[in-house]
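Visitor: Okay, so here is coords_4.txt, and as you'll see once you scroll down, it has compact mmCIF, C-alpha atoms and all ligand atoms.
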# COMPACT_ATOMS: atom_id res chain seq x y z
CA MET W 294 5.45 -16.66 6.50
CA ILE W 295 6.79 -17.85 3.16
CA LEU W 296 4.13 -19.73 1.19
CA ASP W 297 6.12 -22.64 -0.21
CA GLY W 298 4.39 -23.52 -3.49
CA LYS W 299 7.19 -25.85 -4.49
CA GLY W 300 6.85 -27.98 -1.37
CA LEU W 301 3.04 -27.93 -1.54
CA SER W 302 3.08 -28.97 -5.19
CA GLU W 303 5.38 -31.91 -4.36
CA ARG W 304 2.89 -33.02 -1.69
CA ARG W 305 -0.06 -32.65 -4.07
CA LEU W 306 1.76 -34.61 -6.78
CA ALA W 307 2.60 -37.39 -4.32
CA LEU W 308 -1.09 -37.61 -3.30
CA LEU W 309 -2.13 -37.70 -6.94
CA LYS W 310 0.35 -40.47 -7.69
CA GLU W 311 -1.15 -42.49 -4.85
CA GLU W 312 -4.69 -41.86 -6.10
CA ILE W 313 -3.76 -42.87 -9.66
CA GLY W 314 -2.27 -46.11 -8.29
CA GLU W 315 -5.33 -46.84 -6.15
CA LYS W 316 -7.84 -46.14 -8.91
CA GLY W 317 -5.84 -48.20 -11.40
CA ILE W 318 -6.37 -45.77 -14.26
CA THR W 319 -3.79 -44.18 -16.54
CA PRO W 320 -4.78 -40.63 -17.42
CA THR W 321 -3.29 -39.31 -20.66
CA LEU W 322 -2.41 -35.70 -21.46
CA ALA W 323 -1.69 -34.41 -24.96
CA THR W 324 0.21 -31.15 -25.29
CA VAL W 325 0.39 -29.18 -28.52
CA LEU W 326 3.42 -26.94 -28.97
CA VAL W 327 3.63 -24.76 -32.06
CA GLY W 328 6.98 -23.19 -32.94
CA ASP W 329 10.29 -23.06 -31.12
CA ASP W 330 9.88 -20.44 -28.38
CA PRO W 331 12.39 -21.63 -25.74
CA ALA W 332 10.26 -20.56 -22.73
CA SER W 333 7.19 -22.41 -24.08
CA ALA W 334 9.29 -25.48 -24.87
CA LEU W 335 10.66 -25.44 -21.30
CA TYR W 336 7.15 -25.15 -19.79
CA VAL W 337 5.94 -28.06 -21.91
CA ARG W 338 8.94 -30.18 -20.85
CA MET W 339 8.17 -29.37 -17.20
CA LYS W 340 4.56 -30.49 -17.70
CA HIS W 341 5.71 -33.79 -19.22
CA ARG W 342 8.18 -34.30 -16.37
CA ALA W 343 5.35 -33.83 -13.85
CA CYS W 344 3.21 -36.33 -15.78
CA GLU W 345 6.00 -38.88 -15.55
CA GLN W 346 6.39 -38.22 -11.82
CA VAL W 347 2.73 -38.99 -11.02
CA GLY W 348 1.97 -41.74 -13.55
CA ILE W 349 0.12 -39.73 -16.18
CA GLN W 350 0.91 -40.74 -19.75
CA SER W 351 1.77 -37.84 -22.00
CA VAL W 352 2.27 -37.14 -25.68
CA ASN W 353 3.53 -33.96 -27.30
CA VAL W 354 2.40 -32.82 -30.72
CA GLN W 355 5.17 -30.55 -31.99
CA LEU W 356 4.24 -28.36 -34.94
CA PRO W 357 6.46 -25.95 -36.92
CA SER W 358 6.29 -22.14 -36.42
CA GLU W 359 4.58 -21.61 -39.77
CA THR W 360 1.64 -23.93 -38.95
CA THR W 361 -1.76 -22.49 -39.95
CA THR W 362 -4.88 -22.25 -37.80
CA GLN W 363 -6.52 -24.95 -39.91
CA GLU W 364 -3.61 -27.32 -39.37
CA VAL W 365 -3.90 -26.89 -35.59
CA LEU W 366 -7.67 -27.42 -35.82
CA ASP W 367 -7.10 -30.64 -37.79
CA ARG W 368 -4.76 -31.98 -35.11
CA LEU W 369 -7.22 -31.05 -32.38
CA LYS W 370 -9.99 -32.89 -34.22
CA MET W 371 -7.90 -36.05 -34.05
CA LEU W 372 -7.05 -35.55 -30.37
CA ASN W 373 -10.70 -34.79 -29.54
CA ALA W 374 -11.78 -38.06 -31.19
CA ASP W 375 -9.00 -40.18 -29.68
CA PRO W 376 -10.52 -42.22 -26.82
CA ASP W 377 -7.07 -42.69 -25.26
CA ILE W 378 -6.56 -38.94 -24.68
CA ASP W 379 -8.14 -37.45 -21.53
CA GLY W 380 -6.73 -33.94 -21.60
CA ILE W 381 -5.52 -31.54 -24.29
CA LEU W 382 -3.35 -28.49 -23.64
CA VAL W 383 -2.32 -26.11 -26.41
CA GLN W 384 0.66 -24.17 -25.11
CA LEU W 385 0.13 -20.41 -25.36
CA PRO W 386 1.09 -18.00 -26.76
CA LEU W 387 0.63 -19.29 -30.29
CA PRO W 388 2.48 -17.76 -33.28
CA ALA W 389 0.77 -14.57 -34.52
CA GLN W 390 -0.77 -16.11 -37.67
CA ILE W 391 -2.83 -18.56 -35.60
CA ASP W 392 -6.28 -17.58 -34.30
CA THR W 393 -6.02 -18.46 -30.62
CA HIS W 394 -9.77 -18.12 -29.97
CA GLN W 395 -10.62 -20.59 -32.74
CA VAL W 396 -8.03 -23.02 -31.38
CA ILE W 397 -9.30 -22.85 -27.80
CA ASN W 398 -12.90 -23.21 -28.98
CA ALA W 399 -11.94 -26.33 -30.97
CA ILE W 400 -10.92 -28.37 -27.92
CA VAL W 401 -13.90 -30.36 -26.63
CA PRO W 402 -14.76 -28.92 -23.19
CA GLU W 403 -14.39 -32.36 -21.52
CA LYS W 404 -10.71 -32.47 -22.52
CA ASP W 405 -9.97 -28.78 -21.85
CA VAL W 406 -7.59 -29.18 -18.89
CA ASP W 407 -6.70 -25.45 -18.99
CA GLY W 408 -10.32 -24.44 -18.36
CA TYR W 409 -10.05 -21.87 -21.18
CA HIS W 410 -12.96 -23.08 -23.34
CA PRO W 411 -15.96 -20.68 -23.22
CA VAL W 412 -18.17 -23.50 -21.89
CA ASN W 413 -15.79 -24.00 -18.96
CA MET W 414 -15.43 -20.26 -18.42
CA GLY W 415 -19.24 -20.13 -18.35
CA ARG W 416 -19.30 -22.92 -15.78
CA LEU W 417 -16.92 -20.87 -13.64
CA VAL W 418 -19.09 -17.74 -13.93
CA GLY W 419 -22.15 -19.84 -13.06
CA GLY W 420 -20.40 -21.45 -10.10
CA LEU W 421 -20.87 -24.89 -11.69
CA PRO W 422 -18.26 -27.66 -11.48
CA GLY W 423 -15.74 -27.79 -14.31
CA PRO W 424 -12.01 -27.57 -14.93
CA ARG W 425 -10.59 -24.32 -13.53
CA SER W 426 -7.66 -22.46 -15.08
CA CYS W 427 -4.51 -23.94 -13.62
CA THR W 428 -2.81 -20.85 -12.18
CA PRO W 429 -5.85 -19.43 -10.33
CA LYS W 430 -6.67 -22.94 -9.11
CA GLY W 431 -3.10 -23.29 -7.81
CA VAL W 432 -3.41 -19.97 -5.96
CA MET W 433 -6.66 -21.10 -4.31
CA THR W 434 -4.93 -24.32 -3.23
CA ILE W 435 -2.10 -22.33 -1.61
CA LEU W 436 -4.56 -20.06 0.24
CA LYS W 437 -6.62 -23.01 1.49
CA GLU W 438 -3.66 -25.20 2.46
CA TYR W 439 -2.07 -22.41 4.47
CA GLY W 440 -5.36 -21.57 6.19
CA ILE W 441 -5.55 -18.02 4.86
CA GLN W 442 -8.99 -16.59 5.63
CA ILE W 443 -10.80 -15.95 2.34
CA THR W 444 -14.40 -15.49 3.53
CA GLY W 445 -15.05 -11.78 3.98
CA ALA W 446 -11.47 -10.85 3.07
CA HIS W 447 -10.87 -8.00 0.66
CA ALA W 448 -8.95 -9.60 -2.21
CA VAL W 449 -7.35 -7.29 -4.76
CA VAL W 450 -6.29 -8.81 -8.07
CA ILE W 451 -3.90 -6.84 -10.29
CA GLY W 452 -4.44 -8.00 -13.88
CA ARG W 453 -7.56 -8.87 -15.85
CA SER W 454 -6.23 -11.46 -18.31
CA VAL W 455 -8.58 -14.20 -19.49
CA ASP W 456 -6.24 -16.94 -18.27
CA VAL W 457 -5.34 -15.57 -14.83
CA GLY W 458 -6.81 -12.28 -13.57
CA ARG W 459 -10.46 -12.86 -14.47
CA PRO W 460 -10.79 -16.50 -13.35
CA MET W 461 -8.77 -15.62 -10.24
CA ALA W 462 -11.24 -12.90 -9.29
CA LEU W 463 -14.20 -15.23 -9.90
CA LEU W 464 -12.73 -18.06 -7.80
CA LEU W 465 -12.09 -15.64 -4.93
CA MET W 466 -15.63 -14.29 -5.23
CA LEU W 467 -17.08 -17.82 -5.22
CA ALA W 468 -15.04 -18.42 -2.04
CA ASP W 469 -16.82 -15.41 -0.44
CA ALA W 470 -14.08 -12.80 -0.72
CA THR W 471 -14.89 -9.20 -1.58
CA VAL W 472 -12.98 -8.73 -4.81
CA THR W 473 -11.49 -5.71 -6.56
CA ILE W 474 -9.88 -6.11 -9.99
CA CYS W 475 -7.20 -3.59 -10.95
CA HIS W 476 -5.50 -3.24 -14.34
CA SER W 477 -3.33 -0.98 -16.44
CA LYS W 478 -5.95 1.81 -16.54
CA THR W 479 -6.68 1.76 -12.80
CA LYS W 480 -6.21 5.13 -11.13
CA ASN W 481 -4.25 5.42 -7.90
CA LEU W 482 -3.40 1.72 -7.71
CA PRO W 483 -1.50 1.89 -4.37
CA SER W 484 -4.55 3.35 -2.58
CA ILE W 485 -6.51 0.25 -3.62
CA THR W 486 -3.81 -2.38 -3.06
CA ARG W 487 -3.24 -1.00 0.45
CA GLN W 488 -6.80 -2.09 1.30
CA ALA W 489 -6.11 -5.70 0.37
CA ASP W 490 -6.13 -8.50 2.92
CA ILE W 491 -5.13 -10.73 0.01
CA LEU W 492 -3.15 -9.10 -2.80
CA ILE W 493 -2.66 -11.08 -5.98
CA SER W 494 -0.41 -9.69 -8.66
CA ALA W 495 -0.74 -11.02 -12.19
CA ALA W 496 0.40 -7.86 -13.94
CA GLY W 497 3.52 -9.11 -15.69
CA ARG W 498 5.84 -6.28 -14.62
CA ALA W 499 8.90 -7.04 -12.54
CA ASP W 500 9.07 -5.42 -9.09
CA MET W 501 5.96 -3.27 -9.65
CA VAL W 502 4.43 -4.18 -6.27
CA THR W 503 6.46 -2.21 -3.76
CA ALA W 504 6.31 -2.19 0.04
CA ASP W 505 4.24 1.03 0.17
CA MET W 506 1.46 -0.74 -1.76
CA VAL W 507 0.95 -3.45 0.85
CA LYS W 508 -1.10 -3.40 4.06
CA PRO W 509 0.88 -4.72 7.04
CA GLY W 510 0.03 -8.40 7.60
CA ALA W 511 -1.53 -8.92 4.15
CA THR W 512 -1.14 -12.13 2.16
CA VAL W 513 0.74 -11.40 -1.06
CA ILE W 514 0.56 -13.83 -3.98
CA ASP W 515 2.97 -13.20 -6.83
CA VAL W 516 1.84 -14.69 -10.15
CA GLY W 517 4.47 -12.79 -12.15
CA THR W 518 6.95 -14.66 -14.33
CA ASN W 519 9.14 -11.93 -15.78
CA HIS W 520 12.45 -12.73 -17.43
CA VAL W 521 14.95 -10.02 -16.47
CA ASN W 522 18.63 -10.38 -17.44
CA GLY W 523 18.21 -14.11 -17.82
CA LYS W 524 16.61 -14.44 -14.37
CA LEU W 525 13.03 -15.20 -13.38
CA ARG W 526 11.48 -12.31 -11.40
CA GLY W 527 8.00 -11.94 -9.98
CA ASP W 528 5.82 -8.81 -9.97
CA VAL W 529 6.61 -8.19 -6.31
CA ASP W 530 9.70 -6.58 -4.80
CA PHE W 531 10.07 -9.67 -2.61
CA GLU W 532 12.79 -8.52 -0.20
CA ALA W 533 11.03 -5.26 0.72
CA VAL W 534 7.47 -6.64 0.76
CA LYS W 535 8.24 -9.73 2.85
CA ALA W 536 9.12 -7.44 5.77
CA ILE W 537 5.54 -6.07 5.74
CA ALA W 538 3.38 -8.94 4.47
CA GLY W 539 1.95 -11.57 6.79
CA ALA W 540 2.49 -14.24 4.13
CA ILE W 541 4.10 -14.15 0.69
CA THR W 542 4.90 -16.46 -2.22
CA PRO W 543 8.44 -16.40 -3.63
CA VAL W 544 9.37 -16.45 -7.33
CA PRO W 545 10.51 -19.01 -8.27
CA GLY W 546 9.05 -21.67 -5.99
CA GLY W 547 5.64 -20.11 -5.34
CA VAL W 548 2.73 -20.12 -7.77
CA GLY W 549 4.60 -21.65 -10.75
CA PRO W 550 4.87 -25.20 -9.39
CA MET W 551 1.23 -25.04 -8.27
CA THR W 552 0.13 -24.29 -11.85
CA ILE W 553 1.63 -27.60 -12.93
CA ALA W 554 0.13 -29.48 -9.96
CA SER W 555 -3.30 -28.07 -10.94
CA LEU W 556 -2.80 -29.25 -14.51
CA MET W 557 -2.07 -32.77 -13.28
CA GLU W 558 -5.19 -32.65 -11.06
CA ASN W 559 -7.32 -31.41 -13.96
CA THR W 560 -6.02 -34.23 -16.17
CA MET W 561 -6.83 -36.80 -13.47
CA GLU W 562 -10.32 -35.33 -13.07
CA ALA W 563 -10.87 -35.55 -16.85
CA ALA W 564 -9.79 -39.21 -16.77
CA ILE W 565 -12.14 -39.97 -13.87
CA ARG W 566 -15.01 -38.35 -15.80
CA ARG W 567 -14.15 -40.50 -18.84
CA CYS W 568 -14.36 -43.64 -16.68
CA ASN W 569 -17.63 -42.44 -15.07
CA PRO W 570 -19.38 -40.38 -17.76
CA ALA W 571 -22.36 -39.68 -15.47
CA GLN W 572 -20.19 -37.51 -13.19
N1 LIG T 1 1.34 -20.52 -21.27
C1 LIG T 1 1.73 -20.09 -20.06
N2 LIG T 1 1.00 -20.67 -19.09
C2 LIG T 1 0.13 -21.50 -19.71
C3 LIG T 1 -0.90 -22.39 -19.24
O1 LIG T 1 -1.17 -22.54 -18.04
N3 LIG T 1 -1.57 -23.07 -20.20
C4 LIG T 1 -1.32 -22.91 -21.51
N4 LIG T 1 -2.05 -23.62 -22.38
N5 LIG T 1 -0.39 -22.10 -21.99
C5 LIG T 1 0.33 -21.40 -21.09
Would you give me this structure, written as structure tokens?
Guide:
Amino acid sequence: MILDGKGLSERRLALLKEEIGEKGITPTLATVLVGDDPASALYVRMKHRACEQVGIQSVNVQLPSETTTQEVLDRLKMLNADPDIDGILVQLPLPAQIDTHQVINAIVPEKDVDGYHPVNMGRLVGGLPGPRSCTPKGVMTILKEYGIQITGAHAVVIGRSVDVGRPMALLLMLADATVTICHSKTKNLPSITRQADILISAAGRADMVTADMVKPGATVIDVGTNHVNGKLRGDVDFEAVKAIAGAITPVPGGVGPMTIASLMENTMEAAIRRCNPAQ
């Protein structure tokens, strides 16, 4: 079975558009893009396009490559204080001279639609409600929508990044999976991945998950976005692995569109909280 993230994201966005119409609110997302990295600029444009599609207002704050940490913090202060802005997303990675931790910490947690702020990470660890990182949230939506059994499953996550691997493992654990996290220092990776009922690769290396690493019938989720010879490639050798897996996400058209759908949902949830501060 091919897990069609593109189709699912279109359905989620259509539902969100309906909900926005029914509730009669206009959520607003502010993105902050520093520098002129073409991939980052493309991602930000895609996010604005999705906003337009569902009826979320969006503004982009474009800052030059040589912007300092303090200048980003000053802009965030204004966005934090602006009652018309529900969600703030600073596109990562930031240029090397900027302190990413300081920047993430400077977004008020209520407007942190990426779920990266330590308060929101803490809520995730504590199993409390709060915005969840968009990519792991999108993966959970795929698993749930396709009826993949998570309770009691052995889920193996390759990658321990703060934005994907770690929150992914926590969300799976909160959903009652037995979770193993693998990373670049893991010994004998294939012997571990072969035990996975659900294998999630967020390693960032094209074609590193080969057929011999996958248990027959497993669900394989490919979070990789690797640019190889001008083409987007996942972490998984899709053609070989799809013959063995029970279910698999393609790249493109798998997790990527779900990340954007999750961002739209997080922005809507932030807007609802603004309208009903008690929630
Ligand atoms: N860069 C790549 N993916 C993301 C994301 O989901 N959020 C942010 N802020 N930056 C990113």
Visitor: Excluding Val472 of chain W and its own-chain neighbours fewer than 4 positions away, which residues fall within 9 Å of it when counting only C-alpha atoms? Please give them as a list in words.
Guide: Ala446, His447, Ala448, Val449, Val450, Ala462, Leu463, Leu465 and Met466 of chain W
Visitor: Here is a test: counting all atoms listed in the file, which residue of W:Val352, W:Val507, W:Leu372, W:Leu385 is nearest to Ile400 of chain W?
Guide: W:Leu372
Visitor: Between W:Gln442, W:Gln384, W:Asn522, W:Thr542, which is the closest to ligand LIG 1 (chain T) once you count all atoms listed in the file?
Guide: W:Gln384
Visitor: Counting only C-alpha atoms and all ligand atoms, what are the residues of chain W within 8 Å of ligand LIG 1 (chain T), and for each of them which pair of atoms is the nearest and at what distance in Å, to one decimal? Sort the table by chain and rising number, as CSV.
Guide:
residue,atom,partner,partner_atom,distance
W:Ser333,CA,T:LIG1,N1,6.8
W:Tyr336,CA,T:LIG1,C1,7.4
W:Leu382,CA,T:LIG1,N4,5.2
W:Val383,CA,T:LIG1,N4,4.7
W:Gln384,CA,T:LIG1,N4,3.9
W:Leu385,CA,T:LIG1,N5,3.8
W:Pro386,CA,T:LIG1,N1,6.0
W:Asp407,CA,T:LIG1,N3,5.8
W:Ser426,CA,T:LIG1,O1,7.1
W:Cys427,CA,T:LIG1,O1,5.7
W:Thr428,CA,T:LIG1,O1,6.3
W:Asp456,CA,T:LIG1,O1,7.6
W:Thr552,CA,T:LIG1,O1,6.6
W:Ile553,CA,T:LIG1,O1,7.7
W:Leu556,CA,T:LIG1,O1,7.8
Visitor: Could you give me, as JSON, numbers by chain, the residues that sit within 12 Å of (-13.3, -14.6, -16.0) in the file's coordinates, counting only C-alpha atoms?
Guide: {"W": [408, 409, 410, 411, 412, 413, 414, 415, 416, 417, 418, 419, 420, 425, 426, 429, 452, 453, 454, 455, 456, 457, 458, 459, 460, 461, 462, 463, 464, 465, 466, 467, 474]}
Visitor: Could you check the closest approach to Val529 of chain W for each of W:Pro388, W:Gly510, W:Gly497, W:Gly546 and tell me which residue wins, using all atoms listed in the file?
Guide: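 Result for the nearest residue to Val529 of chain W: W:Gly497.
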Visitor: Around the point (12.4, -11.4, -14.5), in the coordinates given by the file, pick out the residues reaching within 12 Å, counting all atoms listed in the file, and return them as a list in words.
Guide: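 Residues satisfying the cut-off, written out: Gly497, Arg498, Ala499, Asp500, Met501, Val516, Gly517, Thr518, Asn519, His520, Val521, Asn522, Gly523, Lys524, Leu525, Arg526, Gly527, Asp528, Val529, Asp530, Val544 and Pro545 of chain W.
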Visitor: For Leu366 of chain W, which residue out of W:Ala389, W:Ile349, W:Val401, W:Ile378 is the nearest one, using only C-alpha atoms?
Guide: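 With only C-alpha atoms as the atom set, the closest residue is W:Val401.
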Visitor: Find the residues near Val406 of chain W: any atom within 6 Å, counting only C-alpha atoms, skip ones fewer than 2 places away on the same chain, and give them as a ChimeraX atom specification.
Guide: /W:380,404,408,559-560
Visitor: Report, in Å to a single decimal, how far apart atom CA of Ala323 of chain W and atom CA of Pro357 of chain W are.
Guide: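 If I compute the distance from atom CA of Pro357 of chain W to atom CA of Ala323 of chain W, I get 16.8 Å.
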Visitor: Restricting the calculation to all atoms listed in the file, which member of W:Cys568, W:Leu436, W:Ala496, W:Ala334 is positioned closest to Ile541 of chain W?
Guide: W:Leu436
Visitor: Got a sec: who's within 8 Å of Gly547 of chain W, counting all atoms listed in the file, leaving out chain neighbours fewer than 2 positions off, as a list in words?
Guide: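 Non-adjacent residues within range: Leu296, Asp297, Gly298, Lys299, Asp515, Thr542, Pro543, Val544, Pro545, Gly549, Pro550 and Met551 of chain W.
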